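What follows is one structure encoded as structure tokens, with my remarks underneath.
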Amino acid sequence: MSTEVAQRYVGASVARSEDPRILTGGGKYVDDVKLPGMLHAAFLRSPFPHAKIVSIDASAAREAEGVVLVYTGEDLEAMIRPGPYGISLMMNQDKPAFSCLATDKVRLVGDPVALVVAESRYLAEDAIELIDVDYEDLAPIATYEQALDPTNPPIFEDLGSNVLAESDLHTHGDVEGAFARADHVLSVRINQHRHQNVPMETRGFLASYDREADHLLVWSANQGVHLALHILAGRLGLSPEKIRVRTADVGGSFGLKIGATREEVAVAAASMALGRPVKYIEDRYENLMASGQAREEYLDVEAAYSDDGDILGMKVHMVVDAGAYPGMAAALPTMVEGMLPSAYRIGALEFRSTVLVTNKATYVAYRGPWAVETFVRERVVDLVARELGMEPFEIRMRNVVTRGEEPTSMITGRSLDGVTVRESLERMAETVDIPAFRRRQEAARAEGRYLGLGIASYIEAAPGPRAGQSPLGLEQMRMELDGDGKLLVYTGQMPHGQSHETTLAQIAADEFGVRFEDVRVVVGDSDLVPPGFTGGSRSATMAGGAALTTARALRAKVLELGAHLLEANVSDLRIEDGAISVAGVPSSAMGLAELVAAVQEPGRLPEEVDTELKVANSYDGGAGGWSGGTHCAIVEVDVETGLVTFERYVVTEDCGKLINPAVVDGQVRGGVAQGVGAVLLERAAYDERGNFLAATFMDYLMPTTMDVPNIEISHLETIPLDPDVNFRGIGEGGMIVAPATIVNAIEDALAPLGVRIHEQHLPPARILELAGVVEPE
């Protein structure tokens with residue numbers, strides 16, 4: 001689709017429907033949903049990172065004004081079946097064991113201890129203050145060192161230690177040979193700090209149980225209604241057919257809202273006990289403290305390299321802080337290991353990992369969860385360049401693969417078919433005059449100013465080669481032609497900022513032959529949509545491919561019916577602008593609504609003709625492929641204040657054919673904005689006792705329009721890999737590569753001071769420490 005045509009689709013919303021069964025958006029969030037007799041829930045949360053619960057006295061709360069129900073963890077245990085919550089459903093983890101609400105002990109500041117349901121949220125919050133809990137403080141596990149110390153007691157007794165998972169040593173290629181050939185070995189520990197998703201809308205959940213029908217209706221802000229349904233069914237002991245999960249508009253997620261959480265299961269249990277609707281809307285304090293956090297890990301790296309700048313091999317030990325409850329952390333090392341070589345000719349890799357339990361919030365998915373592989377690799381490239389006195393750009397060009405030449409796969413085995421990092425670097429060199437910048441940089445240094453240029457490259461599986469064979473499986477979709485001639489698209493995707501309601505409608509409209517405004521994208525209702533979820537940069541290829549192939553199949557069916565009705569050959573028929581006609585005979589045109597009516601008319605068609613105007617389809621990803629590209633930041637660092645300002649930020653990216661250029665650019669810019677926040681501002685900080693220090697926006701600092709630079713974007717659209725579907729996901733790339741780009745630029749600026757940076761979080765105070773202006777704390 002041309003840029004000009006695509007621009008008119010910008011900002012399109014999910015089409016409305018008069019059918020009350022179909023939720024199709026319309027500006028409604030979970031917090032806007034109101035049901036008769038609705039009650040409100042609030043949670044008592046632990047003030048301690050690690051403590052034994054000696055006793056709970058909730059008698060005063062139960063007698064408080066407007067209170068309908070109070071549950072402690074022990075109260076809920078009789079109602080809840082053990083099993084996974086949230087994203088851990090997808091991780092196949094059976095340990096550690098824990099309860100819906102804390103029973104024996106609390107394991108982080110913010111751990112839910114009791115649930116109060118009252119006539120209003122205000123009354124529920126008041127009653128929370130009346131619950132008396134006697135805690136016995138336990139030694140917190142809040143650092144890597146504390147978690148690795150075998151003399152410290154385990155947070156979860158059934159684990160036997162605070163090690164959640166530990167891998168064997170994995171070897172790819174001739175590691176010892178690579179290190180024997182090397183002229184140099186870089187040894188470094190690179191840290192990525194804990195920060196978090198912070199969507200505009202916090203978690204929201206409303207449960208309404210009908211006792212007479214034995215049916216649970218749920219409204220939930222999530223990334224896929226069927227994942228939420230299966231967790232609710234499993235934990236509540238209900239048949240999936242007895243639950244309907246609906247999702248309205250979702251105000252962002254970035255990986256946070258996958259499945260159903262402990263709090264949501266507790267609210268559903270309360271609704272079942274009362275037979276009344278119960279709503280819970282998480283406040284920002286709870287969101288920052290307990291909803292989930294990400295990105296806390298370090299990698300000990302040894303990199304073998306030659307005098308010429310060839311990176312020959314790497315030895316890596318990855319250590320992850322998983323927080324207190326199962327989330328994504330245990331699955332992360334496998335992803336990082338597989339992706340670490342990326343598009344570079346790194347011929348050997350040794351990798352092992354350790355995942356630790358601590359008294360912090362759960363490690364959840366966050367936009368490009370495996371991003372540490374890019375941060376570490378791109379930092380290693382720059383550190384090698386510094387040691388050799390070479391231009392970092394030249395080190396990249398020396399090591400990057402060339403499309404169509406060996407190696408055609410990473411040393412870890414992942415195919416590099418269609419990877420265009422070299423082309424993106426070449427485009428960047430055309431866009432940014434690096435030699436001219438170096439001359440300007442030298443002149444600025446003579447004036448006491450510190451300019452820096454940072455480059456970093458990445459690829460992301462979007463969805464990757466052979467996507468249909470991945471654990472996430474095939475993408476399912478249904479389409480039908482409605483009575484008014486509108487095309488209904490039923491997808492398991494759950495848009496929360498990605499504009500699927502626009503892009504999927506574009507693809508379906510173009511392939512089927514109707515106007516864009518005549519497509520209704522149906523999402524967020526487990527009674528209507530097929531299984532699926534939004535995440536992992538799958539949507540463009542998997543859902544887009546499903547939309548194209550399903551529309552094609554339904555079009556073929558309509559053409560067959562039209563051949564009977566118009567007494568013409570299928571090959572002579574066209575569907576254009578919502579009408580079917582014989583090519584070259586405009587007077588033969590029959591509107592699609594007229595066709596639907598004719599098909600339903602008794603005796604109009606032979607009995608053996610299939611008159612059902614519906615198609616169900618699944619898509620395997622076709623040839624799949626990678627998104628990727630290169631980012632460049634030019635910054636100035638003020639060594640008196642520690643402030644970083646952007647002079648320029650440039651992106652060259654390749655996500656194949658652009659469905660909608662404005663949507664793609666918006667995704668790139670949003671990811672870069674989060675990368676700016678990650679490096680310069682955001683940190684989910686804990687002290688060494690496990691106390692959370694960033695539970696408000698006074699302490700957890702977010703980027704504003706004043707912090708995010710103007711972002712220049714150019715697109716590569718390379719040779720198609722698939723005969724039909726050559727659009728690939730782009731939602732995570734900006735956040736994956738921006739932190740490395742920015743840190744590389746800051747180190748480059750401070751190079752005259754001998755600065756080497758081995759971490760990601762660089763607020764002004766830390767920059768002043770690195771520059772030697774102030775002493776480190």
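We name chains A, B, ... following the order of the structure tokens; residues begin at 1 in each chain, and ligands are numbered from 1 as shown.
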
Checklist entry - If you count only C-alpha atoms, which residues fall within 12 Å of Leu35 of chain A, apart from same-chain ones fewer than 4 positions away, as a ChimeraX atom specification? => result /A:30-31,39-40,206-209,217-219,276-279

Item to check | Ala60 of chain A surroundings by only C-alpha atoms, 9 Å radius, close-in-sequence under 6 positions cut, as an NGL selection string | outcome: :A and (127 or 130-132)

Item to check | DSSP alpha helix (DSSP H) residues within segment 157-383 of chain A, listed as a count of residues only | outcome: 59

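Minimum distance to Leu559 of chain A across A:Val380, A:Met542, A:Met590, A:Val401 (counting only C-alpha atoms) occurs at A:Met590.
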
Compile the contact shell of segment 316-330 of chain A as an mmCIF file with C-alpha atoms, in the first residue's frame: residues with an atom at most 7 Å away, counting only C-alpha atoms, same-chain residues fewer than 5 positions apart removed.
data_model
loop_
_atom_site.group_PDB
_atom_site.id
_atom_site.type_symbol
_atom_site.label_atom_id
_atom_site.label_comp_id
_atom_site.auth_asym_id
_atom_site.auth_seq_id
_atom_site.Cartn_x
_atom_site.Cartn_y
_atom_site.Cartn_z
ATOM 1 C CA ILE A 87 3.039 -15.056 31.932
ATOM 2 C CA SER A 88 4.324 -18.053 33.891
ATOM 3 C CA MET A 91 6.889 -20.733 30.814
ATOM 4 C CA ARG A 107 8.128 -12.149 49.805
ATOM 5 C CA LEU A 108 8.269 -8.537 48.601
ATOM 6 C CA ALA A 165 17.341 -22.185 37.564
ATOM 7 C CA GLU A 296 17.800 -6.816 36.094
ATOM 8 C CA GLU A 297 20.736 -8.982 35.063
ATOM 9 C CA TYR A 298 24.469 -8.913 34.534
ATOM 10 C CA LEU A 299 26.652 -10.751 32.045
ATOM 11 C CA ASP A 300 30.261 -11.637 32.760
ATOM 12 C CA VAL A 301 31.856 -11.570 29.326
ATOM 13 C CA GLU A 302 35.194 -12.584 27.901
ATOM 14 C CA GLU A 350 30.336 -20.477 25.517
ATOM 15 C CA PHE A 351 27.260 -19.699 27.599
ATOM 16 C CA ARG A 352 25.884 -20.578 31.009
ATOM 17 C CA SER A 353 23.278 -18.923 33.200
ATOM 18 C CA THR A 354 22.005 -18.606 36.753
ATOM 19 C CA VAL A 355 18.538 -17.292 37.647
ATOM 20 C CA LEU A 356 18.063 -16.092 41.215
ATOM 21 C CA VAL A 357 15.084 -15.501 43.513
ATOM 22 C CA THR A 358 15.049 -12.241 45.481
ATOM 23 C CA ASN A 359 12.577 -10.219 47.542
ATOM 24 C CA LYS A 360 11.561 -7.979 44.661
ATOM 25 C CA ALA A 361 8.675 -7.759 42.220
ATOM 26 C CA THR A 362 8.274 -10.500 39.608
ATOM 27 C CA TYR A 363 10.412 -10.304 36.471
ATOM 28 C CA VAL A 364 7.848 -9.805 33.683
ATOM 29 C CA ALA A 365 8.050 -9.442 29.911
#

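For Glu442 of chain A, the non-local neighbours within 12 Å, defined as residues at least 6 positions apart in the same chain or in other chains and counting only C-alpha atoms, are Pro435, Ala436, Gly448, Arg449, Tyr450, Leu451, Gly452, Asp748, Ala749, Ala751 and Pro752 of chain A.
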
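All residues of protein, DNA or RNA that reach within 7 Å of segment 573-577 of chain A, judged by only C-alpha atoms and not counting those fewer than 6 positions away in the chain, are Gly513, Val514, Arg515, Leu559 and Ala583 of chain A.
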
Let's have the selection written as a PDB file, in the first residue's frame, with all heavy atoms.
ATOM      1  N   GLY A 513     -11.431  -6.845  -1.314  1.00  0.00           N
ATOM      2  CA  GLY A 513     -12.041  -5.983  -2.311  1.00  0.00           C
ATOM      3  C   GLY A 513     -13.153  -5.103  -1.788  1.00  0.00           C
ATOM      4  O   GLY A 513     -14.115  -4.822  -2.516  1.00  0.00           O
ATOM      5  N   VAL A 514     -13.044  -4.699  -0.510  1.00  0.00           N
ATOM      6  CA  VAL A 514     -14.020  -3.773   0.068  1.00  0.00           C
ATOM      7  C   VAL A 514     -13.301  -2.518   0.538  1.00  0.00           C
ATOM      8  O   VAL A 514     -12.073  -2.477   0.625  1.00  0.00           O
ATOM      9  CB  VAL A 514     -14.786  -4.422   1.244  1.00  0.00           C
ATOM     10  CG1 VAL A 514     -15.616  -5.586   0.775  1.00  0.00           C
ATOM     11  CG2 VAL A 514     -13.822  -4.861   2.349  1.00  0.00           C
ATOM     12  N   ARG A 515     -14.085  -1.512   0.857  1.00  0.00           N
ATOM     13  CA  ARG A 515     -13.499  -0.297   1.390  1.00  0.00           C
ATOM     14  C   ARG A 515     -13.005  -0.543   2.812  1.00  0.00           C
ATOM     15  O   ARG A 515     -13.540  -1.380   3.536  1.00  0.00           O
ATOM     16  CB  ARG A 515     -14.527   0.832   1.387  1.00  0.00           C
ATOM     17  CG  ARG A 515     -15.029   1.228   0.000  1.00  0.00           C
ATOM     18  CD  ARG A 515     -16.158   2.234   0.109  1.00  0.00           C
ATOM     19  NE  ARG A 515     -17.253   1.700   0.912  1.00  0.00           N
ATOM     20  CZ  ARG A 515     -18.294   2.417   1.329  1.00  0.00           C
ATOM     21  NH1 ARG A 515     -18.368   3.707   1.032  1.00  0.00           N
ATOM     22  NH2 ARG A 515     -19.255   1.858   2.035  1.00  0.00           N
ATOM     23  N   LEU A 559     -16.683 -15.486  -4.652  1.00  0.00           N
ATOM     24  CA  LEU A 559     -16.650 -15.520  -6.107  1.00  0.00           C
ATOM     25  C   LEU A 559     -17.377 -16.749  -6.656  1.00  0.00           C
ATOM     26  O   LEU A 559     -18.069 -16.682  -7.688  1.00  0.00           O
ATOM     27  CB  LEU A 559     -15.207 -15.495  -6.606  1.00  0.00           C
ATOM     28  CG  LEU A 559     -14.466 -14.152  -6.445  1.00  0.00           C
ATOM     29  CD1 LEU A 559     -12.993 -14.318  -6.785  1.00  0.00           C
ATOM     30  CD2 LEU A 559     -15.105 -13.069  -7.325  1.00  0.00           C
ATOM     31  N   ALA A 583     -16.230  -8.646 -15.027  1.00  0.00           N
ATOM     32  CA  ALA A 583     -15.237  -7.690 -15.518  1.00  0.00           C
ATOM     33  C   ALA A 583     -15.691  -7.062 -16.830  1.00  0.00           C
ATOM     34  O   ALA A 583     -16.113  -7.761 -17.759  1.00  0.00           O
ATOM     35  CB  ALA A 583     -13.895  -8.389 -15.707  1.00  0.00           C
TER      36      ALA A 583
END
